[in-house]
Amino acid sequence: MSAAAIRIAPYRSRLCVPPVPSCFRFAIQRVTRTHGATRQPASTMETTNSRVVGASGERKPPQPNSSDGAVPEVTSGETVITEGRASIVYPDANQVFYNPVQEFNRDLTCAVITEFAREQLIAKGIQIEIPGEETTSRVVVDLSEENTDAGETADALQAEAIEPSDSEDPHPSCTEATTVENKREMRTTKVEEKCEGGLRILEGLSASGLRSIRFAKEIPGIESIVANDFSQQAVELIKRNIEANQVQHLVFPSYADARMLMHQTCRRKERYDVIDLDPYGSPAQFIDAAVQAVSEGGLLCVTCTDMAVMAGNSGETCYSKYGSVSIKARFCHEMALRIILHSLDLRANCYQRYIEPLLSISADFYIRVFVRVHTSQARVKNSASKQALVYHCVGCGTFHLQRMGKATSQGKNMKYSAATGPPIGPSCEYCGQRHQMGGPVWAEAIHNTEFVQKVLSAVSTNSQRFNTSSRIQGMLSMITEELPDVPLYYTLDNLSSIIHCNTPPLLQMRSAFLHAGFRVSLSHACKNALKTDAPPTVVWDIMRCWEKKNPVKKEKLSVTSPSYHILSCEPVLQACFDIREDANPKSRKQHLKRFQENPEANWGPKARAKVGGGIAIPTEQKRKLLQNKRKGRNEEPKEMKNYPCKKFKQGNCTLGEKCLYSHDNPDKNQAEKEEPQ
């Protein structure tokens, strides 16, 4: 037996896991060399919410969907957190990162991967069973060799799927598997069961392992999950949490650089079906490896929390990370989604691959995208026509998109050429101000409405599955109502502030666009957003008509202001503000939880985990320490004596010699300097 096999054997026997794939065997060898996590001095733990268990062992009443397993053993300085069906140990010292506000992110990811698994496995003759869902009768699947688009033959179900050629449809429907001769009854798989031929999942930055453990305990149809992290403390914690939740047969801890781990699995047979990247900050350094390591048609889940960069505060930094310049505008959150989609597609194109967005959300302080990655040398040529530059007026906020390329259909062939432009003049035709140029960004649909409907239907019929089901339903309902072919949006408050008039009611504004013959929708990314296919001329005509009903004092407007230029023109379109029945979307009528209120105090991004641990400073205390920090950056007292004291000159300085400024008479000093020698 080789030395490598000897080192792996004790690890397998302790966790009772099946043989480990060779792609991450080296990473597991490194885990076995690490020592146990150090224990902190004894201290009394206090529970902070109903889902936390302290070191004293006192358990709170379980949630309806919480796990019924044993609570992990904790020591002093540790807390047990229950989320979904998983219970994990979390150190109070800031050694491993955890943010409770991201529960919505993790719930939504479980819902999306579940529907992805349902679509992928049904072609292999596997039906998933989810706790709480109504059981359905088993369906019959065709597994004939004639239907090569939908699946393989019964003998090749476990083999790697054949990559489609340029002439084949790369997105075969799983329902096509019911039109062949050979039929057999589907087998069913449940949660926490190892499914041969199921999904292989990689969580590149696992931290405490909570997400991977939730995948194992809440998503059926999984063959293996690799919970990777590049922190020894985090990997030791992952091992403890895996054993405590009894998912050793599904979840394998890994101590490795996520980029190297993904690069080692770029070969077709070793790729992962699902890769989840949720880093602290930007995922830019992991994108190149991720688009290579995901399987054909596999799912890539990416989170970005560096919203200051992606929302326009630092456009040059955004370009260095994502290859796109962000601009500060009201549509910055949707533009951030389109920037990360552009970056993913750009990196995938280098390897003859392209992306298909399934779901893209902007929530709280982060954005999250779910995309499928396909391979086709011919379809990669369409990518240039899917990207666009954004021209944004700094005065009135009007925006225009300029496609990077042009694709024209000529029968069965496609002709590709450079796009013509620009779509604007040297200055804005509405307010006369200059334009900013941002991008390139993804200009196609950012959601797959059919897939989103499936996720929404599954969550709605099994609302007890997640703690955040109500918010998931509200957000997905809004997404299904969005216009898929209309990039970016306007905001009501910004339109009214440009011309200094009262903000029009939402229903009246939507009705005006509908009466004019244009489509209009809301956006999940902003509460006051309006997405419409109406040109900017129609938008400002409607605002001019609204201003006539709510007049402003034009004599007080500056002749150089955008409002003066816009209101100086008469509207060509006469808008009608009578409320229409279809102006109120269904999600708004049903009073769904579309926009989340602040879940708790100081709920934003948490402090980055420290290698050596250490207690993180509470946000409120840190805020007090940073107050007046600029005033504290004073010069040295000796240098400040060169400046006269203003209060002494006025005769009311009471500090005397303790004053940091000079009490000398400046007129007297000047006279002494001018006195001849």
# chains A, B, ... in the order shown; residues from 1 in each chain; ligands from 1

call {"tool": "residues_around", "arguments": {"residues": "Glu581 (chain A)", "least_positions_apart": "5", "cutoff": "12 Å", "atoms": "only C-alpha atoms", "output": "list in words"}}
result
Leu507, Gln508, Arg510, Ser511, Leu514, His515, Lys586 and Lys589 of chain A

call {"tool": "select_by_dssp", "arguments": {"residues": "region 284-431 of chain A", "states": "helix (DSSP H, G or I)", "output": "VMD selection string"}}
result
chain A and resid 284 to 293 307 to 313 315 to 322 332 to 349 379 to 386

call {"tool": "write_last_selection", "arguments": {"atoms": "N, CA and C atoms", "output": "compact mmCIF listing (two decimals), in the first residue's frame"}}
result
# COMPACT_ATOMS: atom_id res chain seq x y z
N ALA A 284 -14.23 37.53 -8.03
CA ALA A 284 -13.53 37.66 -9.32
C ALA A 284 -12.39 36.66 -9.47
N GLN A 285 -11.65 36.40 -8.40
CA GLN A 285 -10.48 35.52 -8.50
C GLN A 285 -10.87 34.05 -8.67
N PHE A 286 -12.14 33.70 -8.45
CA PHE A 286 -12.57 32.30 -8.56
C PHE A 286 -13.33 32.02 -9.85
N ILE A 287 -13.70 33.06 -10.61
CA ILE A 287 -14.59 32.87 -11.75
C ILE A 287 -13.93 32.03 -12.83
N ASP A 288 -12.67 32.31 -13.14
CA ASP A 288 -12.01 31.60 -14.23
C ASP A 288 -11.96 30.11 -13.99
N ALA A 289 -11.63 29.71 -12.77
CA ALA A 289 -11.58 28.28 -12.46
C ALA A 289 -12.97 27.67 -12.40
N ALA A 290 -13.95 28.43 -11.94
CA ALA A 290 -15.30 27.89 -11.77
C ALA A 290 -15.95 27.56 -13.11
N VAL A 291 -15.80 28.42 -14.11
CA VAL A 291 -16.44 28.16 -15.40
C VAL A 291 -15.82 26.96 -16.11
N GLN A 292 -14.62 26.55 -15.70
CA GLN A 292 -14.00 25.36 -16.27
C GLN A 292 -14.37 24.09 -15.51
N ALA A 293 -14.60 24.22 -14.20
CA ALA A 293 -14.80 23.04 -13.36
C ALA A 293 -16.25 22.59 -13.29
N MET A 307 -20.61 45.51 -3.13
CA MET A 307 -21.57 46.35 -3.84
C MET A 307 -21.08 47.78 -4.01
N ALA A 308 -20.21 48.25 -3.13
CA ALA A 308 -19.68 49.61 -3.31
C ALA A 308 -18.93 49.73 -4.62
N VAL A 309 -18.21 48.67 -4.99
CA VAL A 309 -17.47 48.67 -6.25
C VAL A 309 -18.42 48.51 -7.43
N MET A 310 -19.37 47.60 -7.32
CA MET A 310 -20.24 47.28 -8.45
C MET A 310 -21.35 48.31 -8.65
N ALA A 311 -21.61 49.14 -7.64
CA ALA A 311 -22.67 50.15 -7.74
C ALA A 311 -22.16 51.51 -8.17
N GLY A 312 -20.90 51.63 -8.52
CA GLY A 312 -20.42 52.85 -9.12
C GLY A 312 -19.51 53.71 -8.28
N ASN A 313 -19.20 53.31 -7.05
CA ASN A 313 -18.30 54.13 -6.23
C ASN A 313 -16.86 54.06 -6.70
N GLY A 315 -15.43 52.82 -10.25
CA GLY A 315 -15.56 52.20 -11.56
C GLY A 315 -14.29 51.55 -12.06
N GLU A 316 -13.13 52.16 -11.74
CA GLU A 316 -11.87 51.58 -12.22
C GLU A 316 -11.57 50.26 -11.52
N THR A 317 -11.94 50.14 -10.24
CA THR A 317 -11.76 48.88 -9.54
C THR A 317 -12.69 47.81 -10.09
N CYS A 318 -13.90 48.21 -10.42
CA CYS A 318 -14.86 47.28 -11.01
C CYS A 318 -14.33 46.75 -12.34
N TYR A 319 -13.70 47.61 -13.12
CA TYR A 319 -13.16 47.16 -14.41
C TYR A 319 -12.01 46.17 -14.20
N SER A 320 -11.18 46.42 -13.20
CA SER A 320 -10.05 45.52 -12.96
C SER A 320 -10.50 44.14 -12.50
N LYS A 321 -11.66 44.07 -11.84
CA LYS A 321 -12.14 42.78 -11.33
C LYS A 321 -13.06 42.07 -12.31
N TYR A 322 -13.97 42.82 -12.93
CA TYR A 322 -15.02 42.20 -13.74
C TYR A 322 -14.96 42.57 -15.22
N CYS A 332 -28.30 51.12 -10.42
CA CYS A 332 -26.99 50.50 -10.15
C CYS A 332 -27.11 49.05 -9.70
N HIS A 333 -28.20 48.68 -9.00
CA HIS A 333 -28.29 47.31 -8.50
C HIS A 333 -28.56 46.32 -9.63
N GLU A 334 -29.41 46.68 -10.58
CA GLU A 334 -29.59 45.78 -11.71
C GLU A 334 -28.36 45.79 -12.60
N MET A 335 -27.71 46.93 -12.72
CA MET A 335 -26.48 46.98 -13.52
C MET A 335 -25.41 46.09 -12.89
N ALA A 336 -25.37 46.01 -11.56
CA ALA A 336 -24.41 45.13 -10.90
C ALA A 336 -24.67 43.67 -11.28
N LEU A 337 -25.95 43.28 -11.36
CA LEU A 337 -26.27 41.92 -11.79
C LEU A 337 -25.77 41.67 -13.21
N ARG A 338 -25.95 42.65 -14.07
CA ARG A 338 -25.55 42.49 -15.46
C ARG A 338 -24.03 42.53 -15.61
N ILE A 339 -23.35 43.19 -14.70
CA ILE A 339 -21.88 43.21 -14.74
C ILE A 339 -21.32 41.83 -14.40
N ILE A 340 -21.85 41.19 -13.36
CA ILE A 340 -21.31 39.88 -12.99
C ILE A 340 -21.68 38.83 -14.05
N LEU A 341 -22.85 38.95 -14.67
CA LEU A 341 -23.20 38.03 -15.75
C LEU A 341 -22.28 38.23 -16.95
N HIS A 342 -21.95 39.48 -17.24
CA HIS A 342 -21.00 39.76 -18.32
C HIS A 342 -19.64 39.14 -18.01
N SER A 343 -19.19 39.26 -16.77
CA SER A 343 -17.90 38.71 -16.38
C SER A 343 -17.89 37.19 -16.49
N LEU A 344 -18.96 36.53 -16.06
CA LEU A 344 -19.05 35.08 -16.15
C LEU A 344 -19.02 34.62 -17.60
N ASP A 345 -19.80 35.29 -18.45
CA ASP A 345 -19.84 34.89 -19.85
C ASP A 345 -18.51 35.16 -20.54
N LEU A 346 -17.88 36.27 -20.18
CA LEU A 346 -16.59 36.61 -20.79
C LEU A 346 -15.53 35.57 -20.47
N ARG A 347 -15.47 35.13 -19.21
CA ARG A 347 -14.48 34.11 -18.84
C ARG A 347 -14.83 32.76 -19.45
N ALA A 348 -16.13 32.45 -19.54
CA ALA A 348 -16.52 31.16 -20.13
C ALA A 348 -16.20 31.12 -21.62
N ASN A 349 -16.31 32.27 -22.31
CA ASN A 349 -16.03 32.30 -23.74
C ASN A 349 -14.60 31.91 -24.06
N ARG A 379 -22.19 28.74 -30.69
CA ARG A 379 -23.03 29.65 -29.91
C ARG A 379 -22.21 30.69 -29.15
N VAL A 380 -20.95 30.43 -28.95
CA VAL A 380 -20.10 31.43 -28.29
C VAL A 380 -20.00 32.70 -29.14
N LYS A 381 -20.16 32.54 -30.45
CA LYS A 381 -20.08 33.70 -31.33
C LYS A 381 -21.22 34.69 -31.09
N ASN A 382 -22.31 34.23 -30.47
CA ASN A 382 -23.42 35.13 -30.17
C ASN A 382 -23.15 36.04 -28.98
N SER A 383 -22.09 35.75 -28.23
CA SER A 383 -21.86 36.46 -26.97
C SER A 383 -21.63 37.96 -27.18
N ALA A 384 -20.96 38.33 -28.28
CA ALA A 384 -20.68 39.76 -28.51
C ALA A 384 -21.97 40.55 -28.64
N SER A 385 -22.98 39.96 -29.28
CA SER A 385 -24.25 40.67 -29.45
C SER A 385 -25.09 40.67 -28.19
N LYS A 386 -24.67 39.93 -27.15
CA LYS A 386 -25.39 39.92 -25.89
C LYS A 386 -24.86 40.94 -24.89

call {"tool": "closest_residue", "arguments": {"among": "A:Asp493, A:Asp533, A:Asp578, A:Glu218", "to": "Val112 (chain A)", "atoms": "only C-alpha atoms"}}
result
A:Glu218

call {"tool": "atom_distance", "arguments": {"atom1": "CA of His500 (chain A)", "atom2": "CA of His565 (chain A)"}}
result
12.5 Å

call {"tool": "residues_around", "arguments": {"residues": "Ile355 (chain A)", "least_positions_apart": "6", "cutoff": "7 Å", "atoms": "only C-alpha atoms", "output": "PDB file with N, CA, C and O atoms, in the first residue's frame"}}
result
ATOM      1  N   ASP A 345     -19.796  35.289 -18.447  1.00  0.00           N
ATOM      2  CA  ASP A 345     -19.841  34.893 -19.849  1.00  0.00           C
ATOM      3  C   ASP A 345     -18.513  35.162 -20.542  1.00  0.00           C
ATOM      4  O   ASP A 345     -18.062  34.373 -21.385  1.00  0.00           O
ATOM      5  N   VAL A 371     -26.536  30.482 -12.808  1.00  0.00           N
ATOM      6  CA  VAL A 371     -26.396  30.329 -14.260  1.00  0.00           C
ATOM      7  C   VAL A 371     -26.024  28.893 -14.583  1.00  0.00           C
ATOM      8  O   VAL A 371     -25.392  28.197 -13.784  1.00  0.00           O
ATOM      9  N   ARG A 372     -26.434  28.453 -15.772  1.00  0.00           N
ATOM     10  CA  ARG A 372     -25.985  27.179 -16.311  1.00  0.00           C
ATOM     11  C   ARG A 372     -24.889  27.457 -17.329  1.00  0.00           C
ATOM     12  O   ARG A 372     -24.921  28.468 -18.040  1.00  0.00           O
ATOM     13  N   VAL A 373     -23.922  26.563 -17.398  1.00  0.00           N
ATOM     14  CA  VAL A 373     -22.776  26.727 -18.290  1.00  0.00           C
ATOM     15  C   VAL A 373     -22.831  25.637 -19.353  1.00  0.00           C
ATOM     16  O   VAL A 373     -22.918  24.448 -19.026  1.00  0.00           O
ATOM     17  N   HIS A 374     -22.794  26.063 -20.617  1.00  0.00           N
ATOM     18  CA  HIS A 374     -22.856  25.138 -21.751  1.00  0.00           C
ATOM     19  C   HIS A 374     -21.610  25.299 -22.613  1.00  0.00           C
ATOM     20  O   HIS A 374     -20.913  26.324 -22.544  1.00  0.00           O
TER      21      HIS A 374
END

call {"tool": "atom_distance", "arguments": {"atom1": "CA of Ile222 (chain A)", "atom2": "CA of Gln248 (chain A)"}}
result
12.9 Å

call {"tool": "residues_around", "arguments": {"residues": "Leu495 (chain A)", "least_positions_apart": "5", "cutoff": "12 Å", "atoms": "only C-alpha atoms", "output": "ChimeraX atom specification"}}
result
/A:330,395-398,489-490,500-504,509,528-530,536,539-544,546-547,562-563,566

call {"tool": "write_last_selection", "arguments": {"atoms": "N, CA, C and O atoms", "output": "short mmCIF file (atom, residue, chain, number, x, y, z; two decimals), in the first residue's frame"}}
result
data_model
loop_
_atom_site.label_atom_id
_atom_site.label_comp_id
_atom_site.auth_asym_id
_atom_site.auth_seq_id
_atom_site.Cartn_x
_atom_site.Cartn_y
_atom_site.Cartn_z
N ARG A 330 -29.32 55.38 -10.63
CA ARG A 330 -30.41 54.79 -9.87
C ARG A 330 -30.62 53.32 -10.18
O ARG A 330 -31.17 52.59 -9.37
N GLY A 395 -27.35 64.54 -16.12
CA GLY A 395 -28.32 65.56 -15.76
C GLY A 395 -29.70 65.00 -15.46
O GLY A 395 -30.22 65.15 -14.35
N CYS A 396 -30.30 64.33 -16.43
CA CYS A 396 -31.67 63.84 -16.27
C CYS A 396 -31.76 62.35 -16.00
O CYS A 396 -32.85 61.84 -15.72
N GLY A 397 -30.66 61.62 -16.09
CA GLY A 397 -30.67 60.19 -15.79
C GLY A 397 -31.13 59.31 -16.93
O GLY A 397 -31.31 58.10 -16.75
N THR A 398 -31.35 59.86 -18.13
CA THR A 398 -31.74 59.06 -19.28
C THR A 398 -30.59 58.13 -19.67
O THR A 398 -29.41 58.52 -19.61
N TYR A 489 -33.80 50.35 -15.49
CA TYR A 489 -35.09 50.92 -15.12
C TYR A 489 -34.93 52.38 -14.71
O TYR A 489 -33.83 52.88 -14.46
N TYR A 490 -36.09 53.07 -14.63
CA TYR A 490 -36.17 54.40 -14.05
C TYR A 490 -36.75 54.27 -12.63
O TYR A 490 -37.31 53.23 -12.28
N HIS A 500 -38.54 68.70 -10.41
CA HIS A 500 -38.93 69.39 -9.17
C HIS A 500 -40.45 69.43 -8.98
O HIS A 500 -41.03 70.46 -8.61
N CYS A 501 -41.11 68.30 -9.24
CA CYS A 501 -42.55 68.23 -9.04
C CYS A 501 -42.88 67.14 -8.04
O CYS A 501 -41.99 66.41 -7.58
N ASN A 502 -44.15 67.03 -7.69
CA ASN A 502 -44.59 65.99 -6.77
C ASN A 502 -44.41 64.61 -7.41
O ASN A 502 -44.57 64.46 -8.63
N THR A 503 -44.12 63.62 -6.59
CA THR A 503 -43.94 62.26 -7.10
C THR A 503 -45.30 61.67 -7.47
O THR A 503 -46.21 61.64 -6.64
N PRO A 504 -45.48 61.19 -8.69
CA PRO A 504 -46.78 60.62 -9.08
C PRO A 504 -47.01 59.28 -8.40
O PRO A 504 -46.06 58.53 -8.13
N MET A 509 -48.87 56.23 -12.68
CA MET A 509 -47.74 56.25 -13.61
C MET A 509 -47.75 55.00 -14.49
O MET A 509 -47.51 55.08 -15.71
N ASN A 528 -39.06 51.61 -5.98
CA ASN A 528 -39.72 52.63 -6.79
C ASN A 528 -39.37 52.52 -8.27
O ASN A 528 -39.50 53.49 -9.01
N ALA A 529 -38.94 51.36 -8.72
CA ALA A 529 -38.45 51.21 -10.09
C ALA A 529 -39.60 51.03 -11.07
O ALA A 529 -40.67 50.50 -10.74
N LEU A 530 -39.36 51.47 -12.31
CA LEU A 530 -40.27 51.27 -13.43
C LEU A 530 -39.45 50.78 -14.62
O LEU A 530 -38.59 51.50 -15.12
N PRO A 536 -37.17 57.12 -24.21
CA PRO A 536 -37.07 58.26 -23.27
C PRO A 536 -37.97 59.43 -23.65
O PRO A 536 -38.44 60.16 -22.77
N VAL A 539 -41.21 58.82 -21.99
CA VAL A 539 -41.08 58.96 -20.53
C VAL A 539 -41.17 60.43 -20.12
O VAL A 539 -41.91 60.80 -19.19
N TRP A 540 -40.44 61.29 -20.82
CA TRP A 540 -40.44 62.71 -20.44
C TRP A 540 -41.72 63.40 -20.87
O TRP A 540 -42.15 64.37 -20.22
N ASP A 541 -42.39 62.93 -21.94
CA ASP A 541 -43.70 63.48 -22.28
C ASP A 541 -44.72 63.19 -21.18
O ASP A 541 -45.54 64.05 -20.83
N ILE A 542 -44.66 61.99 -20.62
CA ILE A 542 -45.57 61.65 -19.53
C ILE A 542 -45.27 62.50 -18.30
O ILE A 542 -46.20 62.99 -17.62
N MET A 543 -44.01 62.76 -18.03
CA MET A 543 -43.66 63.61 -16.89
C MET A 543 -44.06 65.06 -17.14
O MET A 543 -44.46 65.78 -16.20
N ARG A 544 -43.98 65.52 -18.37
CA ARG A 544 -44.43 66.88 -18.67
C ARG A 544 -45.94 67.00 -18.46
O ARG A 544 -46.42 68.03 -17.94
N TRP A 546 -47.68 65.24 -16.39
CA TRP A 546 -47.91 65.21 -14.94
C TRP A 546 -47.58 66.57 -14.33
O TRP A 546 -48.28 67.02 -13.40
N GLU A 547 -46.56 67.23 -14.84
CA GLU A 547 -46.20 68.55 -14.32
C GLU A 547 -47.30 69.57 -14.59
O GLU A 547 -47.52 70.49 -13.80
N PRO A 562 -31.45 70.82 -15.76
CA PRO A 562 -32.17 69.86 -16.61
C PRO A 562 -33.68 70.09 -16.62
O PRO A 562 -34.33 69.90 -17.65
N SER A 563 -34.25 70.47 -15.49
CA SER A 563 -35.70 70.69 -15.42
C SER A 563 -36.14 71.81 -16.35
O SER A 563 -37.21 71.73 -16.98
N ILE A 566 -36.15 70.45 -19.95
CA ILE A 566 -37.19 69.45 -20.18
C ILE A 566 -38.57 70.11 -20.24
O ILE A 566 -39.38 69.82 -21.12
#

call {"tool": "atom_distance", "arguments": {"atom1": "CA of Ile446 (chain A)", "atom2": "CA of Thr532 (chain A)"}}
result
15.7 Å

call {"tool": "closest_residue", "arguments": {"among": "A:Ile126, A:Val247, A:Cys110, A:Cys653", "to": "Phe370 (chain A)", "atoms": "only C-alpha atoms"}}
result
A:Cys110
